$ cat structure_35.pdb   # PDB, C-alpha atoms
ATOM      1  CA  THR A   1       0.000   0.000   0.000  1.00  0.00           C
ATOM      2  CA  GLN A   2       1.351   3.368  -0.982  1.00  0.00           C
ATOM      3  CA  LEU A   3       1.249   5.856   1.881  1.00  0.00           C
ATOM      4  CA  LEU A   4       2.469   9.423   2.221  1.00  0.00           C
ATOM      5  CA  GLU A   5       3.247  10.723   5.683  1.00  0.00           C
ATOM      6  CA  GLN A   6       3.489  14.438   6.288  1.00  0.00           C
ATOM      7  CA  SER A   7       5.107  16.228   9.183  1.00  0.00           C
ATOM      8  CA  PRO A   8       4.516  18.270  11.139  1.00  0.00           C
ATOM      9  CA  GLN A   9       0.728  18.009  11.248  1.00  0.00           C
ATOM     10  CA  PHE A  10       0.355  21.552  12.603  1.00  0.00           C
ATOM     11  CA  LEU A  11       2.667  24.542  12.426  1.00  0.00           C
ATOM     12  CA  SER A  12       2.053  27.957  13.969  1.00  0.00           C
ATOM     13  CA  ILE A  13       4.713  30.604  13.326  1.00  0.00           C
ATOM     14  CA  GLN A  14       5.263  34.348  13.236  1.00  0.00           C
ATOM     15  CA  GLU A  15       5.507  36.363  10.051  1.00  0.00           C
ATOM     16  CA  GLY A  16       9.061  36.385   8.711  1.00  0.00           C
ATOM     17  CA  GLU A  17      10.056  32.950  10.013  1.00  0.00           C
ATOM     18  CA  ASN A  18      11.207  30.096   7.803  1.00  0.00           C
ATOM     19  CA  LEU A  19       9.679  26.641   7.844  1.00  0.00           C
ATOM     20  CA  THR A  20       9.977  23.217   6.242  1.00  0.00           C
ATOM     21  CA  VAL A  21       7.246  20.633   5.687  1.00  0.00           C
ATOM     22  CA  TYR A  22       8.154  17.027   4.990  1.00  0.00           C
ATOM     23  CA  CYS A  23       6.461  14.310   2.949  1.00  0.00           C
ATOM     24  CA  ASN A  24       7.807  10.766   3.302  1.00  0.00           C
ATOM     25  CA  SER A  25       6.994   7.333   1.953  1.00  0.00           C
ATOM     26  CA  SER A  26       8.455   3.838   1.875  1.00  0.00           C
ATOM     27  CA  SER A  27       7.276   3.585  -1.748  1.00  0.00           C
ATOM     28  CA  VAL A  28       8.823   5.077  -4.862  1.00  0.00           C
ATOM     29  CA  PHE A  29       6.651   7.606  -6.664  1.00  0.00           C
ATOM     30  CA  SER A  30       7.017   8.574 -10.321  1.00  0.00           C
ATOM     31  CA  SER A  31       6.253  12.144  -9.293  1.00  0.00           C
ATOM     32  CA  LEU A  32       5.026  14.099  -6.291  1.00  0.00           C
ATOM     33  CA  GLN A  33       2.844  17.146  -6.138  1.00  0.00           C
ATOM     34  CA  TRP A  34       2.247  19.815  -3.544  1.00  0.00           C
ATOM     35  CA  TYR A  35      -1.153  21.459  -3.118  1.00  0.00           C
ATOM     36  CA  ARG A  36      -2.404  24.301  -0.964  1.00  0.00           C
ATOM     37  CA  GLN A  37      -5.980  24.281   0.278  1.00  0.00           C
ATOM     38  CA  GLU A  38      -7.775  27.169   1.921  1.00  0.00           C
ATOM     39  CA  PRO A  39     -10.917  26.738   4.032  1.00  0.00           C
ATOM     40  CA  GLY A  40     -14.002  26.160   1.907  1.00  0.00           C
ATOM     41  CA  GLU A  41     -12.009  25.560  -1.259  1.00  0.00           C
ATOM     42  CA  GLY A  42     -10.526  22.654  -3.152  1.00  0.00           C
ATOM     43  CA  PRO A  43      -6.774  21.962  -3.281  1.00  0.00           C
ATOM     44  CA  VAL A  44      -4.788  24.092  -5.732  1.00  0.00           C
ATOM     45  CA  LEU A  45      -1.684  22.658  -7.370  1.00  0.00           C
ATOM     46  CA  LEU A  46       1.545  24.461  -6.446  1.00  0.00           C
ATOM     47  CA  VAL A  47       4.161  22.286  -8.127  1.00  0.00           C
ATOM     48  CA  THR A  48       4.940  18.877  -9.595  1.00  0.00           C
ATOM     49  CA  VAL A  49       8.391  17.314  -9.128  1.00  0.00           C
ATOM     50  CA  VAL A  50       9.322  14.458 -11.409  1.00  0.00           C
ATOM     51  CA  THR A  51      13.073  13.824 -11.323  1.00  0.00           C
ATOM     52  CA  GLY A  52      14.898  12.472  -8.270  1.00  0.00           C
ATOM     53  CA  GLY A  53      16.941  15.264  -6.674  1.00  0.00           C
ATOM     54  CA  GLU A  54      14.933  17.943  -8.456  1.00  0.00           C
ATOM     55  CA  VAL A  55      14.590  21.344  -6.825  1.00  0.00           C
ATOM     56  CA  LYS A  56      11.915  23.814  -7.909  1.00  0.00           C
ATOM     57  CA  LYS A  57      11.428  27.338  -6.682  1.00  0.00           C
ATOM     58  CA  LEU A  58       8.185  29.290  -6.698  1.00  0.00           C
ATOM     59  CA  LYS A  59       8.906  32.760  -5.266  1.00  0.00           C
ATOM     60  CA  ARG A  60       9.510  32.130  -1.539  1.00  0.00           C
ATOM     61  CA  LEU A  61       8.640  28.418  -1.791  1.00  0.00           C
ATOM     62  CA  THR A  62      11.313  25.790  -2.526  1.00  0.00           C
ATOM     63  CA  PHE A  63      10.322  22.213  -3.326  1.00  0.00           C
ATOM     64  CA  GLN A  64      12.702  19.274  -3.346  1.00  0.00           C
ATOM     65  CA  PHE A  65      12.218  15.690  -4.529  1.00  0.00           C
ATOM     66  CA  GLY A  66      14.407  13.092  -2.841  1.00  0.00           C
ATOM     67  CA  ASP A  67      17.051  11.282  -4.873  1.00  0.00           C
ATOM     68  CA  ALA A  68      15.233   7.977  -4.399  1.00  0.00           C
ATOM     69  CA  ARG A  69      11.847   9.551  -5.212  1.00  0.00           C
ATOM     70  CA  LYS A  70      10.415   8.463  -1.860  1.00  0.00           C
ATOM     71  CA  ASP A  71      10.249  11.840  -0.157  1.00  0.00           C
ATOM     72  CA  SER A  72       9.817  15.533  -0.749  1.00  0.00           C
ATOM     73  CA  SER A  73      10.040  18.759   1.198  1.00  0.00           C
ATOM     74  CA  LEU A  74       8.525  22.208   0.991  1.00  0.00           C
ATOM     75  CA  HIS A  75      10.513  25.106   2.419  1.00  0.00           C
ATOM     76  CA  ILE A  76       8.966  28.546   2.862  1.00  0.00           C
ATOM     77  CA  THR A  77      11.240  31.522   3.403  1.00  0.00           C
ATOM     78  CA  ALA A  78      10.015  34.567   5.323  1.00  0.00           C
ATOM     79  CA  ALA A  79       6.473  33.273   5.781  1.00  0.00           C
ATOM     80  CA  GLN A  80       3.585  35.709   5.402  1.00  0.00           C
ATOM     81  CA  PRO A  81       0.002  35.555   6.736  1.00  0.00           C
ATOM     82  CA  GLY A  82      -1.142  34.849   3.186  1.00  0.00           C
ATOM     83  CA  ASP A  83       0.741  31.545   3.327  1.00  0.00           C
ATOM     84  CA  THR A  84      -1.741  30.263   5.910  1.00  0.00           C
ATOM     85  CA  GLY A  85      -3.512  27.119   4.755  1.00  0.00           C
ATOM     86  CA  LEU A  86      -3.411  23.346   4.492  1.00  0.00           C
ATOM     87  CA  TYR A  87      -0.441  22.007   2.537  1.00  0.00           C
ATOM     88  CA  LEU A  88      -0.890  18.590   0.976  1.00  0.00           C
ATOM     89  CA  CYS A  89       1.579  16.358  -0.796  1.00  0.00           C
ATOM     90  CA  ALA A  90       0.250  13.811  -3.290  1.00  0.00           C
ATOM     91  CA  GLY A  91       1.552  11.192  -5.669  1.00  0.00           C
ATOM     92  CA  PRO A  92       0.001   9.029  -8.391  1.00  0.00           C
ATOM     93  CA  SER A  93      -1.049   5.498  -7.539  1.00  0.00           C
ATOM     94  CA  GLN A  94       0.722   2.633  -9.290  1.00  0.00           C
ATOM     95  CA  ALA A  95      -2.342   2.207 -11.515  1.00  0.00           C
ATOM     96  CA  GLY A  96      -2.101   5.881 -12.365  1.00  0.00           C
ATOM     97  CA  THR A  97      -5.802   6.575 -11.886  1.00  0.00           C
ATOM     98  CA  ALA A  98      -5.720   8.006  -8.378  1.00  0.00           C
ATOM     99  CA  LEU A  99      -3.797  10.568  -6.426  1.00  0.00           C
ATOM    100  CA  ILE A 100      -2.655   9.440  -2.998  1.00  0.00           C
ATOM    101  CA  PHE A 101      -2.594  12.290  -0.523  1.00  0.00           C
ATOM    102  CA  GLY A 102      -0.836  12.800   2.747  1.00  0.00           C
ATOM    103  CA  LYS A 103      -2.911  13.972   5.720  1.00  0.00           C
ATOM    104  CA  GLY A 104      -1.626  17.494   5.271  1.00  0.00           C
ATOM    105  CA  THR A 105       0.158  20.157   7.283  1.00  0.00           C
ATOM    106  CA  THR A 106      -1.923  23.008   8.644  1.00  0.00           C
ATOM    107  CA  LEU A 107       0.141  26.190   8.615  1.00  0.00           C
ATOM    108  CA  SER A 108      -0.847  29.304  10.521  1.00  0.00           C
ATOM    109  CA  VAL A 109       1.231  32.466  10.072  1.00  0.00           C
ATOM    110  CA  SER A 110       0.425  35.349  12.372  1.00  0.00           C
ATOM    111  CA  SER A 111       1.510  38.952  11.929  1.00  0.00           C
TER
ATOM    112  CA  GLU B   1     -11.055  29.614 -10.679  1.00  0.00           C
ATOM    113  CA  THR B   2     -10.358  26.084 -11.902  1.00  0.00           C
ATOM    114  CA  GLY B   3     -13.313  25.696 -14.244  1.00  0.00           C
ATOM    115  CA  VAL B   4     -14.635  22.766 -12.191  1.00  0.00           C
ATOM    116  CA  THR B   5     -17.996  23.487 -10.595  1.00  0.00           C
ATOM    117  CA  GLN B   6     -19.778  21.416  -7.970  1.00  0.00           C
ATOM    118  CA  SER B   7     -23.263  21.490  -6.527  1.00  0.00           C
ATOM    119  CA  PRO B   8     -24.654  21.784  -3.991  1.00  0.00           C
ATOM    120  CA  THR B   9     -21.998  23.537  -1.901  1.00  0.00           C
ATOM    121  CA  HIS B  10     -23.498  22.475   1.421  1.00  0.00           C
ATOM    122  CA  LEU B  11     -26.195  20.012   2.414  1.00  0.00           C
ATOM    123  CA  ILE B  12     -27.480  18.196   5.465  1.00  0.00           C
ATOM    124  CA  LYS B  13     -28.928  14.695   5.273  1.00  0.00           C
ATOM    125  CA  THR B  14     -30.292  12.212   7.758  1.00  0.00           C
ATOM    126  CA  ARG B  15     -28.689   8.842   8.366  1.00  0.00           C
ATOM    127  CA  GLY B  16     -30.115   6.261   5.960  1.00  0.00           C
ATOM    128  CA  GLN B  17     -30.999   8.781   3.263  1.00  0.00           C
ATOM    129  CA  GLN B  18     -29.479   8.993  -0.211  1.00  0.00           C
ATOM    130  CA  VAL B  19     -27.578  11.918  -1.730  1.00  0.00           C
ATOM    131  CA  THR B  20     -26.505  12.960  -5.236  1.00  0.00           C
ATOM    132  CA  LEU B  21     -23.640  15.370  -5.774  1.00  0.00           C
ATOM    133  CA  ARG B  22     -22.919  16.935  -9.152  1.00  0.00           C
ATOM    134  CA  CYS B  23     -19.789  18.066 -10.944  1.00  0.00           C
ATOM    135  CA  SER B  24     -19.158  19.938 -14.167  1.00  0.00           C
ATOM    136  CA  SER B  25     -15.619  19.392 -15.410  1.00  0.00           C
ATOM    137  CA  GLN B  26     -13.242  21.850 -17.020  1.00  0.00           C
ATOM    138  CA  SER B  27     -13.735  22.260 -20.759  1.00  0.00           C
ATOM    139  CA  GLY B  28     -11.906  19.543 -22.708  1.00  0.00           C
ATOM    140  CA  HIS B  29     -11.318  17.361 -19.661  1.00  0.00           C
ATOM    141  CA  ASN B  30     -12.827  13.913 -20.200  1.00  0.00           C
ATOM    142  CA  THR B  31     -11.682  12.327 -16.939  1.00  0.00           C
ATOM    143  CA  VAL B  32     -13.431  13.007 -13.650  1.00  0.00           C
ATOM    144  CA  SER B  33     -12.342  11.763 -10.236  1.00  0.00           C
ATOM    145  CA  TRP B  34     -14.137  11.993  -6.899  1.00  0.00           C
ATOM    146  CA  TYR B  35     -12.434  12.313  -3.523  1.00  0.00           C
ATOM    147  CA  GLN B  36     -13.708  12.307   0.062  1.00  0.00           C
ATOM    148  CA  GLN B  37     -11.959  14.614   2.525  1.00  0.00           C
ATOM    149  CA  ALA B  38     -12.858  14.176   6.182  1.00  0.00           C
ATOM    150  CA  LEU B  39     -12.095  16.999   8.580  1.00  0.00           C
ATOM    151  CA  GLY B  40      -8.388  17.199   9.316  1.00  0.00           C
ATOM    152  CA  GLN B  41      -7.481  14.615   6.682  1.00  0.00           C
ATOM    153  CA  GLY B  42      -6.166  14.582   3.149  1.00  0.00           C
ATOM    154  CA  PRO B  43      -8.507  13.684   0.278  1.00  0.00           C
ATOM    155  CA  GLN B  44      -9.139   9.973  -0.328  1.00  0.00           C
ATOM    156  CA  PHE B  45      -9.810   8.623  -3.807  1.00  0.00           C
ATOM    157  CA  ILE B  46     -13.324   7.253  -4.319  1.00  0.00           C
ATOM    158  CA  PHE B  47     -13.366   6.510  -8.071  1.00  0.00           C
ATOM    159  CA  GLN B  48     -12.563   7.857 -11.505  1.00  0.00           C
ATOM    160  CA  TYR B  49     -14.676   8.029 -14.659  1.00  0.00           C
ATOM    161  CA  TYR B  50     -13.316   8.152 -18.193  1.00  0.00           C
ATOM    162  CA  ARG B  51     -15.545   8.124 -21.271  1.00  0.00           C
ATOM    163  CA  GLU B  52     -18.586   7.319 -19.122  1.00  0.00           C
ATOM    164  CA  GLU B  53     -16.995   4.186 -17.616  1.00  0.00           C
ATOM    165  CA  GLU B  54     -15.581   3.643 -14.139  1.00  0.00           C
ATOM    166  CA  ASN B  55     -11.809   3.604 -14.578  1.00  0.00           C
ATOM    167  CA  GLY B  56     -10.528   2.893 -11.089  1.00  0.00           C
ATOM    168  CA  ARG B  57     -11.939   2.690  -7.598  1.00  0.00           C
ATOM    169  CA  GLY B  58     -10.607   3.293  -4.116  1.00  0.00           C
ATOM    170  CA  ASN B  59     -11.497   1.480  -0.918  1.00  0.00           C
ATOM    171  CA  PHE B  60     -15.141   2.571  -0.734  1.00  0.00           C
ATOM    172  CA  PRO B  61     -18.217   0.316  -0.441  1.00  0.00           C
ATOM    173  CA  PRO B  62     -20.670  -0.230  -3.324  1.00  0.00           C
ATOM    174  CA  ARG B  63     -23.164   2.236  -1.810  1.00  0.00           C
ATOM    175  CA  PHE B  64     -20.850   4.872  -3.312  1.00  0.00           C
ATOM    176  CA  SER B  65     -21.635   4.938  -7.024  1.00  0.00           C
ATOM    177  CA  GLY B  66     -21.190   7.339  -9.889  1.00  0.00           C
ATOM    178  CA  LEU B  67     -22.083   8.337 -13.392  1.00  0.00           C
ATOM    179  CA  GLN B  68     -20.399  10.287 -16.150  1.00  0.00           C
ATOM    180  CA  PHE B  69     -22.436  11.849 -18.932  1.00  0.00           C
ATOM    181  CA  PRO B  70     -21.536  12.429 -22.612  1.00  0.00           C
ATOM    182  CA  ASN B  71     -20.676  16.060 -21.831  1.00  0.00           C
ATOM    183  CA  TYR B  72     -18.166  14.709 -19.222  1.00  0.00           C
ATOM    184  CA  SER B  73     -20.130  16.032 -16.252  1.00  0.00           C
ATOM    185  CA  SER B  74     -20.471  13.572 -13.402  1.00  0.00           C
ATOM    186  CA  GLU B  75     -22.553  12.560 -10.397  1.00  0.00           C
ATOM    187  CA  LEU B  76     -21.616  10.907  -7.128  1.00  0.00           C
ATOM    188  CA  ASN B  77     -24.403   8.980  -5.425  1.00  0.00           C
ATOM    189  CA  VAL B  78     -24.234   7.712  -1.877  1.00  0.00           C
ATOM    190  CA  ASN B  79     -26.947   5.412  -0.555  1.00  0.00           C
ATOM    191  CA  ALA B  80     -27.800   4.502   3.026  1.00  0.00           C
ATOM    192  CA  LEU B  81     -25.882   7.433   4.454  1.00  0.00           C
ATOM    193  CA  GLU B  82     -23.877   6.900   7.630  1.00  0.00           C
ATOM    194  CA  LEU B  83     -22.632   9.472  10.107  1.00  0.00           C
ATOM    195  CA  ASP B  84     -19.030   8.816   8.969  1.00  0.00           C
ATOM    196  CA  ASP B  85     -19.962   9.913   5.452  1.00  0.00           C
ATOM    197  CA  SER B  86     -19.905  13.504   6.713  1.00  0.00           C
ATOM    198  CA  ALA B  87     -17.073  15.098   4.738  1.00  0.00           C
ATOM    199  CA  LEU B  88     -16.075  17.420   1.931  1.00  0.00           C
ATOM    200  CA  TYR B  89     -16.575  15.697  -1.425  1.00  0.00           C
ATOM    201  CA  LEU B  90     -14.219  16.935  -4.111  1.00  0.00           C
ATOM    202  CA  CYS B  91     -14.513  16.511  -7.831  1.00  0.00           C
ATOM    203  CA  ALA B  92     -11.407  16.793 -10.006  1.00  0.00           C
ATOM    204  CA  SER B  93     -11.094  16.865 -13.778  1.00  0.00           C
ATOM    205  CA  SER B  94      -8.131  16.048 -15.975  1.00  0.00           C
ATOM    206  CA  ARG B  95      -7.058  14.722 -19.345  1.00  0.00           C
ATOM    207  CA  PRO B  96      -5.513  11.227 -19.622  1.00  0.00           C
ATOM    208  CA  GLU B  97      -2.482  12.650 -21.457  1.00  0.00           C
ATOM    209  CA  ASP B  98      -1.671  14.752 -18.378  1.00  0.00           C
ATOM    210  CA  ARG B  99      -0.652  11.565 -16.613  1.00  0.00           C
ATOM    211  CA  ALA B 100       2.825  11.723 -18.121  1.00  0.00           C
ATOM    212  CA  SER B 101       3.315  15.260 -16.863  1.00  0.00           C
ATOM    213  CA  GLY B 102       2.359  14.320 -13.344  1.00  0.00           C
ATOM    214  CA  ASN B 103      -1.411  14.122 -13.480  1.00  0.00           C
ATOM    215  CA  THR B 104      -2.283  17.780 -13.538  1.00  0.00           C
ATOM    216  CA  ILE B 105      -5.780  17.828 -12.200  1.00  0.00           C
ATOM    217  CA  TYR B 106      -8.104  20.632 -11.252  1.00  0.00           C
ATOM    218  CA  PHE B 107     -10.302  20.457  -8.197  1.00  0.00           C
ATOM    219  CA  GLY B 108     -13.679  22.017  -7.637  1.00  0.00           C
ATOM    220  CA  GLU B 109     -14.496  23.774  -4.372  1.00  0.00           C
ATOM    221  CA  GLY B 110     -16.299  20.729  -3.069  1.00  0.00           C
ATOM    222  CA  SER B 111     -19.645  19.816  -1.578  1.00  0.00           C
ATOM    223  CA  TRP B 112     -19.872  19.775   2.214  1.00  0.00           C
ATOM    224  CA  LEU B 113     -22.095  16.902   3.337  1.00  0.00           C
ATOM    225  CA  THR B 114     -23.247  16.638   6.935  1.00  0.00           C
ATOM    226  CA  VAL B 115     -25.077  13.473   7.991  1.00  0.00           C
ATOM    227  CA  VAL B 116     -27.092  13.735  11.194  1.00  0.00           C
TER
END

$ encode --input "structure_35.pdb" --output "C-alpha cells"
Amino acid sequence: TQLLEQSPQFLSIQEGENLTVYCNSSSVFSSLQWYRQEPGEGPVLLVTVVTGGEVKKLKRLTFQFGDARKDSSLHITAAQPGDTGLYLCAGPSQAGTALIFGKGTTLSVSS
Amino acid sequence: ETGVTQSPTHLIKTRGQQVTLRCSSQSGHNTVSWYQQALGQGPQFIFQYYREEENGRGNFPPRFSGLQFPNYSSELNVNALELDDSALYLCASSRPEDRASGNTIYFGEGSWLTVV
C-alpha cells in the first residue's frame, strides 16, 4: 500500500520565520505534487516534481524531490500571513488513476 | 477559478438517506475523479470516470456509485448514508495525457455533506 506521511501536522509561526514541511513514503513515486488548500475551497496545485533530486522554486517556496523519489520537502522563506492554509503532498497510484494524498500540514502564520 | 464546478456547496442529510452530488468538469477534460476529505485529513480517492466508464476505484463500499455523462459532467451517489460519510466531497477533472506530466488535475471547491 502506498502511503504518504506528512510532518509536522500543525505549524504555527510568526511572520518572517522560515519553515519546512516534509512528505515521506516507503514507496517510490514517479512524481510528487504539492497542493495548498484554503478553508471552503478545493486543493490548488503548487508544483509537480518528477526527477529524483529535483529542486523547484516558486517565489519564496522551494520544493525538493528526494534522490530515491520516496520523499519531498517544501521550504517557505520569510512566511507571510497569506501563506496560511493546508499544505498537501500527493503522488500518483501505481495504476495511475488516483492521487494518494498525505494527511496534510496546517500552517498558521500570524503577523 | 479552476473551471470545475460542484453542486450543492453544502447540504445536510439524515442517516439512511441517499444523496446525489454533481460536478461539471473543465472544458476539454474527459476524466473526472471523486475524492472524500474528512475533517483534518487529506482527500481519499473514491473513483474515476473516463468516457462514461468507471476507470478505477478506491477502498469505498458499493453504496458509493457514480455516473459520467456524454458532456463529461459527473454525479456521485451515496446510498444509506452513515454518520461517517460527513465530509467534503471533491470533484477533479483532468485529461488522460496529463498523466505523463504528473497528473495535472483541477479540483472544484467541493460539496460539504453533513449526515445527522

$ closest_atom_pairs --input "structure_35.pdb" --of "chain B" --to "chain A" --cutoff "7 Å" --atoms "all atoms listed in the file" --output "CSV"
residue,atom,partner,partner_atom,distance
B:Gln41,CA,A:Lys103,CA,4.7
B:Gly42,CA,A:Lys103,CA,4.2
B:Pro43,CA,A:Phe101,CA,6.1
B:Gln44,CA,A:Phe101,CA,6.9
B:Phe45,CA,A:Ala98,CA,6.2
B:Gln48,CA,A:Thr97,CA,6.9
B:Gly56,CA,A:Thr97,CA,6.0
B:Leu90,CA,A:Gly42,CA,6.9
B:Gly102,CA,A:Ser31,CA,6.0
B:Phe107,CA,A:Gly42,CA,5.5
B:Gly108,CA,A:Gly42,CA,5.5
B:Glu109,CA,A:Gly42,CA,4.3
B:Gly110,CA,A:Gly42,CA,6.1

$ closest_residue --input "structure_35.pdb" --among "B:Arg15, B:Arg22, B:Arg57, B:His29" --to "Tyr72 in chain B" --atoms "only C-alpha atoms"
B:His29

$ residues_near_point --input "structure_35.pdb" --point "(-26.7, 14.8, 8.4)" --cutoff "10 Å" --atoms "all atoms listed in the file" --output "list in words"
Leu11, Ile12, Lys13, Thr14, Arg15, Gly16, Gln17, Leu81, Glu82, Leu83, Asp84, Asp85, Ser86, Leu113, Thr114, Val115 and Val116 of chain B

$ atom_distance --input "structure_35.pdb" --atom1 "CA of Ala92 in chain B" --atom2 "CA of Gln2 in chain A"
20.6 Å

$ resolve_selection --input "structure_35.pdb" --expression "the PyMOL selection byres ((chain A and resi 62) around 10)" --output "ChimeraX atom specification"
/A:20,47,55-61,63-64,73-77

$ build_atoms --input "structure_35.pdb" --residues "range 11-19 of chain B" --atoms "all heavy atoms" --output "mmCIF file, in the coordinates of the input"
data_model
loop_
_atom_site.group_PDB
_atom_site.id
_atom_site.type_symbol
_atom_site.label_atom_id
_atom_site.label_comp_id
_atom_site.auth_asym_id
_atom_site.auth_seq_id
_atom_site.Cartn_x
_atom_site.Cartn_y
_atom_site.Cartn_z
ATOM 1 N N LEU B 11 -24.905 20.663 2.197
ATOM 2 C CA LEU B 11 -26.195 20.012 2.414
ATOM 3 C C LEU B 11 -26.146 19.165 3.680
ATOM 4 O O LEU B 11 -25.075 18.697 4.083
ATOM 5 C CB LEU B 11 -26.623 19.181 1.201
ATOM 6 C CG LEU B 11 -25.911 17.904 0.841
ATOM 7 C CD1 LEU B 11 -26.761 17.137 -0.177
ATOM 8 C CD2 LEU B 11 -24.540 18.140 0.303
ATOM 9 N N ILE B 12 -27.328 18.996 4.259
ATOM 10 C CA ILE B 12 -27.480 18.196 5.465
ATOM 11 C C ILE B 12 -28.469 17.083 5.169
ATOM 12 O O ILE B 12 -29.549 17.337 4.637
ATOM 13 C CB ILE B 12 -27.979 19.052 6.646
ATOM 14 C CG1 ILE B 12 -26.982 20.173 6.944
ATOM 15 C CG2 ILE B 12 -28.194 18.181 7.887
ATOM 16 C CD1 ILE B 12 -27.469 21.165 7.994
ATOM 17 N N LYS B 13 -28.072 15.859 5.493
ATOM 18 C CA LYS B 13 -28.928 14.695 5.273
ATOM 19 C C LYS B 13 -29.039 13.897 6.565
ATOM 20 O O LYS B 13 -28.193 13.998 7.464
ATOM 21 C CB LYS B 13 -28.331 13.803 4.163
ATOM 22 C CG LYS B 13 -28.425 14.400 2.767
ATOM 23 C CD LYS B 13 -29.833 14.325 2.237
ATOM 24 C CE LYS B 13 -29.914 14.720 0.786
ATOM 25 N NZ LYS B 13 -31.288 14.584 0.263
ATOM 26 N N THR B 14 -30.074 13.077 6.607
ATOM 27 C CA THR B 14 -30.292 12.212 7.758
ATOM 28 C C THR B 14 -29.733 10.824 7.469
ATOM 29 O O THR B 14 -29.785 10.358 6.317
ATOM 30 C CB THR B 14 -31.788 12.119 8.064
ATOM 31 O OG1 THR B 14 -32.296 13.437 8.279
ATOM 32 C CG2 THR B 14 -32.056 11.263 9.294
ATOM 33 N N ARG B 15 -29.214 10.199 8.501
ATOM 34 C CA ARG B 15 -28.689 8.842 8.366
ATOM 35 C C ARG B 15 -29.713 7.937 7.681
ATOM 36 O O ARG B 15 -30.898 7.960 8.012
ATOM 37 C CB ARG B 15 -28.355 8.297 9.753
ATOM 38 C CG ARG B 15 -27.602 6.982 9.762
ATOM 39 C CD ARG B 15 -27.148 6.624 11.154
ATOM 40 N NE ARG B 15 -28.231 6.683 12.124
ATOM 41 C CZ ARG B 15 -28.086 6.471 13.423
ATOM 42 N NH1 ARG B 15 -26.894 6.194 13.909
ATOM 43 N NH2 ARG B 15 -29.103 6.536 14.233
ATOM 44 N N GLY B 16 -29.238 7.157 6.700
ATOM 45 C CA GLY B 16 -30.115 6.261 5.960
ATOM 46 C C GLY B 16 -30.617 6.839 4.641
ATOM 47 O O GLY B 16 -31.057 6.080 3.760
ATOM 48 N N GLN B 17 -30.540 8.155 4.501
ATOM 49 C CA GLN B 17 -30.999 8.781 3.263
ATOM 50 C C GLN B 17 -29.970 8.586 2.147
ATOM 51 O O GLN B 17 -28.886 8.034 2.348
ATOM 52 C CB GLN B 17 -31.235 10.282 3.476
ATOM 53 C CG GLN B 17 -32.505 10.604 4.232
ATOM 54 C CD GLN B 17 -32.783 12.100 4.243
ATOM 55 O OE1 GLN B 17 -31.887 12.913 4.487
ATOM 56 N NE2 GLN B 17 -34.027 12.468 3.986
ATOM 57 N N GLN B 18 -30.337 9.066 0.956
ATOM 58 C CA GLN B 18 -29.479 8.993 -0.211
ATOM 59 C C GLN B 18 -29.146 10.420 -0.658
ATOM 60 O O GLN B 18 -29.918 11.341 -0.431
ATOM 61 C CB GLN B 18 -30.216 8.242 -1.333
ATOM 62 C CG GLN B 18 -29.463 8.135 -2.646
ATOM 63 C CD GLN B 18 -29.835 9.229 -3.643
ATOM 64 O OE1 GLN B 18 -30.852 9.895 -3.480
ATOM 65 N NE2 GLN B 18 -28.992 9.431 -4.632
ATOM 66 N N VAL B 19 -27.972 10.587 -1.280
ATOM 67 C CA VAL B 19 -27.578 11.918 -1.730
ATOM 68 C C VAL B 19 -26.942 11.821 -3.115
ATOM 69 O O VAL B 19 -26.313 10.802 -3.456
ATOM 70 C CB VAL B 19 -26.585 12.573 -0.734
ATOM 71 C CG1 VAL B 19 -25.238 11.848 -0.721
ATOM 72 C CG2 VAL B 19 -26.375 14.046 -1.061
#
